[in-house]
file final_2.cif (mmCIF, C-alpha atoms)
data_work
loop_
_atom_site.label_atom_id
_atom_site.label_comp_id
_atom_site.auth_asym_id
_atom_site.auth_seq_id
_atom_site.Cartn_x
_atom_site.Cartn_y
_atom_site.Cartn_z
CA MET R 15 14.43 -26.56 10.97
CA ARG R 16 17.84 -28.16 10.60
CA LEU R 17 19.08 -29.57 7.32
CA ASN R 18 21.71 -32.10 8.29
CA ARG R 19 23.55 -33.91 5.47
CA ARG R 20 20.56 -33.52 3.16
CA SER R 21 19.22 -30.28 1.77
CA PHE R 22 15.85 -29.20 0.43
CA VAL R 23 16.01 -27.22 -2.80
CA GLY R 24 12.98 -26.48 -4.96
CA GLY R 25 11.12 -29.52 -3.62
CA ALA R 26 13.97 -31.97 -4.17
CA ALA R 27 16.48 -33.34 -1.69
CA LEU R 28 20.17 -33.20 -2.57
CA ALA R 29 22.51 -35.94 -1.54
CA ALA R 30 25.38 -34.85 0.66
CA GLY R 31 28.73 -36.59 0.69
CA HIS R 32 31.05 -33.60 0.86
CA ALA R 33 31.95 -33.76 4.54
CA PRO R 34 35.68 -33.06 4.05
CA LEU R 35 34.76 -29.66 2.57
CA PHE R 36 33.00 -28.62 5.76
CA ALA R 37 35.05 -30.20 8.51
CA GLY R 38 37.44 -28.38 10.77
CA ALA R 39 37.89 -24.79 11.87
CA GLN R 40 37.05 -21.69 9.91
CA ALA R 41 40.06 -20.67 7.82
CA LEU R 42 39.85 -16.92 7.44
CA THR R 43 42.97 -15.12 6.28
CA PRO R 44 41.88 -11.54 5.62
CA SER R 45 45.15 -10.12 4.32
CA SER R 46 46.21 -13.02 2.14
CA GLY R 47 44.93 -16.25 0.68
CA TRP R 48 42.22 -16.46 -1.89
CA THR R 49 41.69 -12.73 -2.49
CA ARG R 50 45.41 -12.24 -3.16
CA THR R 51 45.22 -8.76 -1.67
CA LYS R 52 48.10 -7.47 0.39
CA GLY R 53 46.39 -4.26 1.37
CA GLY R 54 49.06 -1.83 2.40
CA ASP R 55 51.66 -4.42 3.38
CA GLY R 56 55.19 -3.23 2.64
CA GLY R 57 54.13 0.37 2.27
CA ARG R 58 54.66 3.43 4.42
CA VAL R 59 53.08 3.66 7.87
CA LEU R 60 50.70 6.58 8.35
CA ARG R 61 49.53 7.53 11.83
CA VAL R 62 46.17 9.13 12.56
CA THR R 63 46.72 11.73 15.27
CA SER R 64 43.40 13.61 15.13
CA LEU R 65 39.76 12.63 15.60
CA ALA R 66 38.61 15.51 13.39
CA SER R 67 36.78 14.69 10.17
CA GLU R 68 39.20 16.58 7.93
CA GLY R 69 42.63 18.10 8.04
CA LEU R 70 46.17 17.24 9.02
CA GLY R 71 46.58 13.94 10.85
CA THR R 72 43.05 12.68 10.13
CA LEU R 73 41.88 9.36 8.76
CA ARG R 74 40.50 11.15 5.70
CA ALA R 75 43.91 12.68 4.99
CA ALA R 76 45.63 9.30 5.33
CA LEU R 77 43.20 7.71 2.89
CA ALA R 78 43.98 10.43 0.33
CA VAL R 79 47.69 9.55 0.28
CA THR R 80 48.75 7.54 -2.76
CA GLY R 81 50.87 4.41 -2.79
CA PRO R 82 50.92 1.41 -0.45
CA ARG R 83 50.20 2.48 3.11
CA ARG R 84 49.21 1.04 6.47
CA ILE R 85 47.08 3.35 8.60
CA LEU R 86 47.53 3.13 12.36
CA PHE R 87 45.88 5.14 15.12
CA ASP R 88 47.60 7.15 17.83
CA VAL R 89 44.16 8.32 18.97
CA ALA R 90 40.98 6.55 20.04
CA GLY R 91 37.35 7.57 20.18
CA VAL R 92 34.66 8.95 17.87
CA ILE R 93 35.22 10.51 14.45
CA ASP R 94 32.19 12.60 13.49
CA LEU R 95 32.12 12.65 9.67
CA GLY R 96 29.48 15.36 9.58
CA ARG R 97 27.54 13.63 6.76
CA LYS R 98 30.64 13.57 4.54
CA SER R 99 31.47 9.90 4.10
CA LEU R 100 35.03 8.66 3.62
CA SER R 101 36.06 7.64 0.12
CA ILE R 102 38.86 5.18 -0.62
CA ARG R 103 39.97 5.75 -4.23
CA ASP R 104 43.67 4.86 -4.15
CA PRO R 105 44.70 1.19 -3.85
CA PHE R 106 46.97 -0.76 -1.52
CA VAL R 107 45.78 0.39 1.88
CA THR R 108 45.23 -1.30 5.24
CA ILE R 109 43.21 0.36 8.01
CA ASP R 110 44.21 -1.31 11.28
CA GLY R 111 41.78 -0.50 14.08
CA THR R 112 43.62 -2.75 16.53
CA SER R 113 46.32 -0.08 16.79
CA ALA R 114 44.00 2.33 18.64
CA ALA R 115 43.82 2.31 22.40
CA SER R 116 40.51 1.42 24.06
CA PRO R 117 37.72 2.02 23.04
CA GLY R 118 38.99 1.94 19.44
CA ILE R 119 37.67 3.97 16.51
CA THR R 120 33.99 4.68 15.80
CA LEU R 121 32.76 6.63 12.77
CA ILE R 122 29.41 8.41 13.05
CA ARG R 123 27.21 10.51 10.71
CA GLY R 124 28.69 8.94 7.58
CA GLY R 125 30.16 5.79 6.12
CA ILE R 126 32.91 4.43 3.86
CA SER R 127 32.91 4.03 0.08
CA VAL R 128 35.57 1.85 -1.62
CA SER R 129 36.13 2.30 -5.37
CA THR R 130 39.60 0.82 -5.83
CA HIS R 131 41.45 -2.44 -5.19
CA ASP R 132 43.63 -4.12 -2.58
CA VAL R 133 41.98 -2.72 0.52
CA VAL R 134 41.89 -4.30 3.98
CA ILE R 135 39.75 -2.75 6.74
CA GLN R 136 39.74 -4.28 10.21
CA HIS R 137 38.35 -3.44 13.66
CA ILE R 138 36.49 -0.21 12.81
CA ARG R 139 32.94 0.69 13.91
CA VAL R 140 30.64 2.57 11.53
CA ARG R 141 27.39 4.00 12.98
CA ALA R 142 25.97 6.27 10.28
CA GLY R 143 22.58 7.11 11.79
CA ALA R 144 19.66 9.28 10.74
CA ASP R 145 21.23 12.29 12.45
CA GLY R 146 17.86 13.90 13.04
CA ALA R 147 16.87 13.82 9.34
CA ALA R 148 13.15 13.74 8.66
CA PRO R 149 11.50 10.57 7.32
CA LYS R 150 11.92 10.18 3.53
CA SER R 151 14.07 13.35 3.41
CA GLY R 152 16.78 11.73 1.26
CA TRP R 153 19.65 11.27 3.74
CA GLU R 154 20.74 7.89 2.36
CA VAL R 155 24.03 6.52 3.63
CA ASP R 156 25.68 3.10 3.58
CA GLY R 157 27.82 1.86 6.42
CA LEU R 158 30.35 0.55 3.90
CA SER R 159 29.92 -0.13 0.20
CA THR R 160 32.24 -1.14 -2.61
CA ASN R 161 31.69 0.40 -6.05
CA ALA R 162 33.39 -1.47 -8.90
CA ALA R 163 36.13 -2.40 -6.42
CA HIS R 164 38.06 -5.66 -6.26
CA ASP R 165 40.24 -7.56 -3.81
CA VAL R 166 38.69 -5.92 -0.76
CA VAL R 167 38.57 -7.44 2.73
CA VAL R 168 36.32 -6.08 5.48
CA ASP R 169 36.99 -8.11 8.60
CA HIS R 170 36.03 -7.74 12.26
CA CYS R 171 34.16 -4.46 11.81
CA SER R 172 30.83 -3.30 13.24
CA PHE R 173 28.10 -1.63 11.20
CA ALA R 174 24.82 -0.23 12.47
CA TRP R 175 22.18 2.43 11.83
CA ALA R 176 22.70 2.87 8.08
CA THR R 177 19.81 4.51 6.24
CA ASP R 178 20.70 2.57 3.07
CA GLU R 179 22.60 -0.77 3.33
CA ASN R 180 24.84 -1.48 6.29
CA LEU R 181 27.43 -3.43 4.23
CA SER R 182 27.34 -3.95 0.46
CA ALA R 183 29.23 -4.77 -2.74
CA SER R 184 28.02 -2.92 -5.81
CA GLY R 185 28.86 -1.23 -9.10
CA PRO R 186 27.48 -0.84 -12.63
CA ARG R 187 25.50 -3.79 -13.97
CA PHE R 188 26.58 -3.74 -17.60
CA ALA R 189 29.83 -1.79 -17.99
CA GLY R 190 32.77 -2.72 -20.18
CA GLY R 191 31.13 -4.44 -23.14
CA ASP R 192 28.39 -6.79 -24.23
CA THR R 193 29.45 -9.99 -22.48
CA VAL R 194 28.86 -11.34 -19.00
CA GLU R 195 32.63 -11.63 -18.53
CA ALA R 196 33.07 -7.93 -19.29
CA TRP R 197 30.30 -6.92 -16.91
CA ARG R 198 31.88 -8.95 -14.10
CA GLN R 199 35.29 -7.37 -14.69
CA HIS R 200 33.83 -3.88 -14.41
CA THR R 201 31.87 -4.22 -11.18
CA SER R 202 32.87 -5.39 -7.68
CA ARG R 203 34.59 -8.78 -7.46
CA ARG R 204 36.70 -10.77 -5.03
CA ILE R 205 35.08 -9.19 -1.98
CA THR R 206 35.41 -10.66 1.53
CA PHE R 207 33.11 -9.78 4.43
CA THR R 208 34.15 -11.80 7.49
CA ARG R 209 33.39 -11.72 11.23
CA ASN R 210 31.51 -8.40 11.18
CA ILE R 211 28.45 -7.24 13.10
CA VAL R 212 25.79 -5.95 10.67
CA ALA R 213 22.91 -4.65 12.73
CA GLU R 214 19.95 -2.32 13.16
CA GLY R 215 19.60 -0.87 9.69
CA LEU R 216 17.14 2.00 10.20
CA SER R 217 13.68 1.14 8.94
CA LYS R 218 11.19 4.03 8.64
CA SER R 219 13.88 6.64 8.51
CA SER R 220 15.32 9.20 6.08
CA HIS R 221 15.65 7.07 2.93
CA ALA R 222 13.50 8.58 0.18
CA LYS R 223 11.75 5.24 -0.43
CA GLY R 224 10.65 4.92 3.16
CA GLU R 225 11.30 1.57 4.82
CA HIS R 226 14.98 0.76 4.33
CA SER R 227 16.39 -1.39 7.10
CA LYS R 228 18.81 -3.43 4.99
CA GLY R 229 21.72 -5.66 5.93
CA THR R 230 23.81 -6.57 2.87
CA LEU R 231 23.25 -6.14 -0.88
CA ILE R 232 25.41 -8.03 -3.39
CA HIS R 233 24.57 -6.27 -6.64
CA ASP R 234 23.96 -7.67 -10.13
CA ASN R 235 26.96 -9.49 -11.65
CA VAL R 236 29.14 -9.08 -8.54
CA THR R 237 31.21 -12.26 -8.25
CA GLU R 238 33.64 -14.17 -6.03
CA VAL R 239 32.12 -12.90 -2.80
CA LEU R 240 32.77 -14.55 0.56
CA ILE R 241 30.39 -13.66 3.43
CA ALA R 242 31.41 -15.68 6.47
CA GLY R 243 31.25 -15.60 10.24
CA ASN R 244 29.15 -12.43 10.45
CA LEU R 245 26.40 -11.55 12.91
CA TYR R 246 23.28 -10.05 11.29
CA ALA R 247 20.78 -8.68 13.80
CA HIS R 248 17.60 -6.60 13.55
CA ASN R 249 17.70 -5.87 9.81
CA TYR R 250 14.23 -5.88 8.21
CA GLU R 251 15.51 -7.16 4.86
CA ARG R 252 18.66 -8.14 2.92
CA ASN R 253 20.09 -10.63 5.36
CA GLN R 254 21.63 -11.06 2.61
CA LEU R 255 20.24 -10.07 -0.87
CA PHE R 256 22.00 -11.33 -4.01
CA LYS R 257 20.96 -9.67 -7.27
CA GLY R 258 20.93 -11.08 -10.80
CA GLY R 259 23.96 -13.10 -11.83
CA ALA R 260 25.72 -12.70 -8.48
CA GLN R 261 28.18 -15.41 -7.44
CA ALA R 262 28.92 -15.93 -3.75
CA LEU R 263 29.56 -18.24 -0.84
CA THR R 264 27.72 -17.34 2.35
CA ALA R 265 28.81 -19.54 5.23
CA ASN R 266 28.69 -19.75 9.01
CA ASN R 267 26.75 -16.53 9.51
CA LEU R 268 24.39 -16.04 12.45
CA ILE R 269 21.21 -14.18 11.44
CA TYR R 270 18.96 -13.03 14.28
CA ASP R 271 15.57 -11.31 14.04
CA PRO R 272 15.30 -10.86 10.27
CA GLY R 273 12.07 -9.00 9.54
CA ASN R 274 10.54 -9.46 6.10
CA ARG R 275 13.42 -11.15 4.23
CA CYS R 276 16.24 -13.45 5.30
CA MET R 277 18.40 -14.91 2.48
CA HIS R 278 17.16 -13.53 -0.84
CA TYR R 279 18.00 -13.86 -4.55
CA ALA R 280 16.38 -11.61 -7.17
CA LEU R 281 16.97 -10.76 -10.81
CA ASN R 282 14.48 -8.02 -11.67
CA GLU R 283 13.45 -8.00 -15.33
CA GLU R 284 12.96 -4.23 -15.49
CA GLU R 285 16.61 -3.70 -14.50
CA TRP R 286 17.89 -5.99 -17.29
CA VAL R 287 16.04 -4.60 -20.30
CA GLY R 288 18.08 -5.21 -23.46
CA HIS R 289 20.46 -7.64 -21.73
CA PRO R 290 20.29 -11.45 -21.53
CA TRP R 291 19.53 -12.74 -18.07
CA THR R 292 22.47 -14.29 -16.24
CA VAL R 293 22.12 -17.28 -13.92
CA GLY R 294 23.00 -16.62 -10.28
CA ARG R 295 25.29 -19.03 -8.47
CA LEU R 296 25.18 -19.39 -4.68
CA ALA R 297 26.63 -21.68 -2.04
CA ILE R 298 24.81 -21.39 1.30
CA VAL R 299 26.56 -23.49 3.92
CA GLY R 300 26.46 -23.82 7.70
CA ASN R 301 24.40 -20.71 8.49
CA VAL R 302 22.15 -20.31 11.53
CA VAL R 303 18.94 -18.24 11.56
CA ARG R 304 16.85 -17.46 14.64
CA GLY R 305 13.64 -15.49 14.41
CA GLY R 306 13.01 -12.67 16.85
CA PRO R 307 10.43 -10.04 17.81
CA SER R 308 10.51 -8.39 14.34
CA THR R 309 10.39 -11.60 12.27
CA ARG R 310 7.20 -12.26 10.34
CA GLU R 311 5.64 -15.56 11.30
CA ASP R 312 5.76 -17.12 7.83
CA LEU R 313 9.27 -16.00 6.85
CA PRO R 314 11.16 -18.59 4.75
CA PHE R 315 14.91 -19.14 4.95
CA LEU R 316 15.50 -18.30 1.27
CA ILE R 317 13.27 -16.31 -1.09
CA VAL R 318 13.89 -16.47 -4.84
CA GLU R 319 12.17 -13.56 -6.53
CA GLY R 320 12.03 -11.95 -9.96
CA GLN R 321 12.79 -13.67 -13.24
CA GLY R 322 16.33 -15.10 -13.28
CA ASP R 323 17.32 -18.71 -12.61
CA LEU R 324 19.52 -19.68 -9.67
CA GLU R 325 22.10 -22.44 -9.36
CA LEU R 326 22.16 -23.38 -5.68
CA PHE R 327 24.29 -25.50 -3.41
CA ASP R 328 23.14 -25.58 0.22
CA ARG R 329 24.15 -27.73 3.17
CA ASP R 330 23.95 -27.86 6.94
CA ASN R 331 21.88 -24.73 7.55
CA ILE R 332 19.78 -24.35 10.71
CA PHE R 333 16.76 -22.02 10.55
CA THR R 334 13.95 -21.50 13.03
CA LEU R 335 11.34 -18.89 13.76
CA SER R 336 10.89 -17.45 17.24
CA GLY R 337 9.93 -20.13 19.70
CA GLY R 338 11.84 -22.74 17.73
CA ARG R 339 9.21 -23.27 15.04
CA PRO R 340 10.71 -24.42 11.71
CA MET R 341 11.08 -22.02 8.78
CA VAL R 342 10.06 -23.06 5.28
CA PRO R 343 13.38 -23.70 3.52
CA ILE R 344 12.62 -21.90 0.27
CA GLU R 345 9.87 -19.87 -1.39
CA VAL R 346 9.63 -18.65 -4.98
CA ILE R 347 7.86 -15.31 -5.52
CA SER R 348 7.58 -14.65 -9.24
CA ASN R 349 5.14 -14.53 -12.13
CA ARG R 350 7.74 -16.39 -14.21
CA LYS R 351 8.78 -19.04 -11.71
CA PRO R 352 12.55 -19.00 -12.13
CA LYS R 353 14.29 -22.35 -12.04
CA ILE R 354 16.24 -23.34 -8.96
CA ILE R 355 18.96 -25.66 -10.22
CA PRO R 356 20.46 -27.90 -7.50
CA LEU R 357 24.22 -28.26 -7.65
CA PRO R 358 26.18 -31.29 -6.41
CA ARG R 359 29.15 -29.10 -5.47
CA PRO R 360 29.63 -25.42 -4.63
CA PRO R 361 29.96 -23.18 -7.69
CA PHE R 362 32.47 -21.05 -5.82
CA TRP R 363 34.71 -22.02 -2.89
CA PRO R 364 37.79 -19.99 -1.91
CA GLU R 365 40.97 -22.00 -1.73
CA GLY R 366 41.77 -23.00 1.84
CA PHE R 367 38.37 -22.05 3.26
CA LYS R 368 36.83 -24.55 5.68
CA ALA R 369 33.32 -24.11 7.01
CA ARG R 370 32.40 -24.91 10.57
CA PRO R 371 29.52 -27.27 11.38
CA ALA R 372 26.36 -25.20 11.84
CA ARG R 373 25.87 -26.51 15.38
CA THR R 374 29.02 -24.64 16.47
CA VAL R 375 28.32 -21.35 14.67
CA GLU R 376 26.19 -19.40 17.14
CA LYS R 377 28.61 -19.62 20.05
CA TRP R 378 31.58 -18.87 17.81
CA VAL R 379 30.06 -15.87 16.04
CA LEU R 380 28.82 -14.28 19.27
CA ALA R 381 32.33 -14.56 20.69
CA GLU R 382 34.26 -13.45 17.59
CA ALA R 383 32.20 -11.06 15.46
CA GLY R 384 32.52 -7.29 15.33
CA ALA R 385 35.22 -4.73 15.95
CA ARG R 386 37.60 -5.53 18.78
CA PRO R 387 35.57 -8.39 20.31
CA TRP R 388 37.90 -8.31 23.32
CA ASP R 389 36.98 -4.62 23.80
CA ARG R 390 33.40 -4.22 22.58
CA ASP R 391 31.65 -0.89 22.99
CA ALA R 392 28.21 -0.50 24.58
CA VAL R 393 26.32 -0.86 21.28
CA ASP R 394 27.96 -4.14 20.29
CA ARG R 395 27.60 -5.50 23.84
CA ARG R 396 23.88 -4.68 23.78
CA ILE R 397 23.33 -6.27 20.37
CA VAL R 398 25.13 -9.48 21.36
CA ALA R 399 23.15 -9.60 24.63
CA GLU R 400 19.88 -9.21 22.69
CA VAL R 401 20.78 -12.09 20.40
CA ARG R 402 21.53 -14.30 23.37
CA SER R 403 18.31 -13.35 25.19
CA GLY R 404 15.98 -13.24 22.18
CA LYS R 405 15.17 -9.57 22.68
CA GLY R 406 15.53 -6.33 20.71
CA ARG R 407 13.79 -5.32 17.46
CA VAL R 408 14.15 -3.48 14.16
CA ILE R 409 14.39 0.27 14.86
CA ASP R 410 13.67 3.51 12.97
CA ASP R 411 16.16 5.84 14.66
CA GLU R 412 19.40 5.44 16.59
CA ARG R 413 17.92 7.50 19.43
CA GLU R 414 15.61 4.57 20.25
CA VAL R 415 18.64 2.65 21.54
CA GLY R 416 20.64 5.45 23.13
CA GLY R 417 21.94 7.35 20.08
CA TYR R 418 25.46 8.30 19.12
CA PRO R 419 28.24 7.78 21.66
CA GLY R 420 29.27 10.89 23.55
#

call {"tool": "encode", "arguments": {"input": "final_2.cif", "output": "structure tokens"}}
result
Amino acid sequence: MRLNRRSFVGGAALAAGHAPLFAGAQALTPSSGWTRTKGGDGGRVLRVTSLASEGLGTLRAALAVTGPRRILFDVAGVIDLGRKSLSIRDPFVTIDGTSAASPGITLIRGGISVSTHDVVIQHIRVRAGADGAAPKSGWEVDGLSTNAAHDVVVDHCSFAWATDENLSASGPRFAGGDTVEAWRQHTSRRITFTRNIVAEGLSKSSHAKGEHSKGTLIHDNVTEVLIAGNLYAHNYERNQLFKGGAQALTANNLIYDPGNRCMHYALNEEEWVGHPWTVGRLAIVGNVVRGGPSTREDLPFLIVEGQGDLELFDRDNIFTLSGGRPMVPIEVISNRKPKIIPLPRPPFWPEGFKARPARTVEKWVLAEAGARPWDRDAVDRRIVAEVRSGKGRVIDDEREVGGYPG
């Protein structure tokens, strides 16, 4: 179903009339602009000379250096993290995967955690994987997550095979005081996820809860999030999930073969005991969803679940099930029936950002998304080919699709 110039929200149509906001090319400036982050610009240049997980000349060693720094690669290939994920704790750093020779840099058996500010990560592949762990054994790893970080840009990267989320922004719900403003200043904020591939979260794998094929989680009270130009493919849920009080713009993403959840907002009462519920604020603009082999036949475009109200601006989204059948635009799943409050204008819109018309998104995302789109590896080439052909499915283990690169 295509919503063109009018949008269905909670049973009511919203008038359009904001065409200038959406016209023109996508303006994505990952190292400047609205986030105000400079990454490691102006700092020392550090060169990665080893593909080992730890030690002299490694990526881990470069990340541990303090002060502004730009990390370049004199090597190319696979870095096996050996289940010890990378942690970025010191600010003002840029990781530039374009500097590596072909085939670029791929991280396996681990992920990246960011708990600082002013970080730019571009053109890196992260393929965490189950690594042979038994089902429900507790090996739970994100592809990349932020934890109370701010001014972080993750652009043109590829994430697959996480046993927790592939790509997320998180932190404590209620740190820093008793006000919403304090909570938002003590969790992740001003986070940009642009032109990434977010694919094949592992479903019945090693996460202790069981099924856990998840794309992106934006946690409670995380604000000023831009998710734009990404390819989501073969994730059972969280394509994307916004928790209570989150504030975000999600625009021009291509979502293929979502399983049980596509777009999703949820404030869960049991997680907010003793705290007043905060209204979520979302702008959902110019996204394209296509069902696939793993998509349930009655999947709606947006599910609103739990107890909290949602302020929503949505325009120009295209969403169909497999075979071209229309999706239901929105479904509320709650014993409280949270209010969906239509907005005449976006609650959050980064300065200088221009959304593409939805009709142009699929071709553009398939050409531009992921690490080194001019030099894609076999996994990214396969995923893009599956999106184009309508094939592929949600998987439980990386070995089902060839496993780690040699």

call {"tool": "resolve_selection", "arguments": {"input": "final_2.cif", "expression": "the PyMOL selection byres ((chain R and resi 221) around 8)", "output": "PDB file with C-alpha atoms, in the frame of the given file"}}
result
ATOM      1  CA  PRO R 149      11.500  10.570   7.320  1.00  0.00           C
ATOM      2  CA  LYS R 150      11.920  10.180   3.530  1.00  0.00           C
ATOM      3  CA  SER R 151      14.070  13.350   3.410  1.00  0.00           C
ATOM      4  CA  GLY R 152      16.780  11.730   1.260  1.00  0.00           C
ATOM      5  CA  TRP R 153      19.650  11.270   3.740  1.00  0.00           C
ATOM      6  CA  GLU R 154      20.740   7.890   2.360  1.00  0.00           C
ATOM      7  CA  THR R 177      19.810   4.510   6.240  1.00  0.00           C
ATOM      8  CA  ASP R 178      20.700   2.570   3.070  1.00  0.00           C
ATOM      9  CA  LYS R 218      11.190   4.030   8.640  1.00  0.00           C
ATOM     10  CA  SER R 219      13.880   6.640   8.510  1.00  0.00           C
ATOM     11  CA  SER R 220      15.320   9.200   6.080  1.00  0.00           C
ATOM     12  CA  ALA R 222      13.500   8.580   0.180  1.00  0.00           C
ATOM     13  CA  LYS R 223      11.750   5.240  -0.430  1.00  0.00           C
ATOM     14  CA  GLY R 224      10.650   4.920   3.160  1.00  0.00           C
ATOM     15  CA  GLU R 225      11.300   1.570   4.820  1.00  0.00           C
ATOM     16  CA  HIS R 226      14.980   0.760   4.330  1.00  0.00           C
TER      17      HIS R 226
END

call {"tool": "atom_distance", "arguments": {"input": "final_2.cif", "atom1": "CA of Arg390 in chain R", "atom2": "CA of Ala176 in chain R"}}
result
19.4 Å

call {"tool": "residues_around", "arguments": {"input": "final_2.cif", "residues": "Ile232 in chain R", "least_positions_apart": "3", "cutoff": "10 Å", "atoms": "all atoms listed in the file", "output": "list in words"}}
result
Ser159, Thr160, Leu181, Ser182, Ala183, Ser184, Gly185, Ser202, Ile205, Asn235, Val236, Thr237, Val239, Arg252, Gln254, Leu255, Phe256, Lys257, Gly258, Gly259, Ala260, Gln261, Ala262 and Tyr279 of chain R

call {"tool": "resolve_selection", "arguments": {"input": "final_2.cif", "expression": "the PyMOL selection byres ((chain R and resi 419) around 10)", "output": "list in words"}}
result
Gly91, Val92, Thr120, Ile122, Arg141, Asp391, Ala392, Val393, Gly416, Gly417, Tyr418 and Gly420 of chain R

call {"tool": "closest_residue", "arguments": {"input": "final_2.cif", "among": "R:Arg396, R:His289, R:Lys52, R:Arg413", "to": "Thr193 in chain R", "atoms": "all atoms listed in the file"}}
result
R:His289

call {"tool": "resolve_selection", "arguments": {"input": "final_2.cif", "expression": "the PyMOL selection byres ((chain R and resi 395) around 12)", "output": "ChimeraX atom specification"}}
result
/R:172,211,380-381,383-394,396-402

call {"tool": "residues_around", "arguments": {"input": "final_2.cif", "residues": "His164 in chain R", "least_positions_apart": "4", "cutoff": "6 Å", "atoms": "all atoms listed in the file", "output": "list in words"}}
result
His131, Ser202, Arg203 and Arg204 of chain R

call {"tool": "write_last_selection", "arguments": {"input": "final_2.cif", "atoms": "C-alpha atoms", "output": "short mmCIF file (atom, residue, chain, number, x, y, z; two decimals), in the coordinates of the input"}}
result
data_model
loop_
_atom_site.label_atom_id
_atom_site.label_comp_id
_atom_site.auth_asym_id
_atom_site.auth_seq_id
_atom_site.Cartn_x
_atom_site.Cartn_y
_atom_site.Cartn_z
CA HIS R 131 41.45 -2.44 -5.19
CA SER R 202 32.87 -5.39 -7.68
CA ARG R 203 34.59 -8.78 -7.46
CA ARG R 204 36.70 -10.77 -5.03
#

call {"tool": "atom_distance", "arguments": {"input": "final_2.cif", "atom1": "CA of Asn301 in chain R", "atom2": "CA of Ser348 in chain R"}}
result
25.2 Å

call {"tool": "atom_distance", "arguments": {"input": "final_2.cif", "atom1": "CA of Asp110 in chain R", "atom2": "CA of Ile93 in chain R"}}
result
15.2 Å
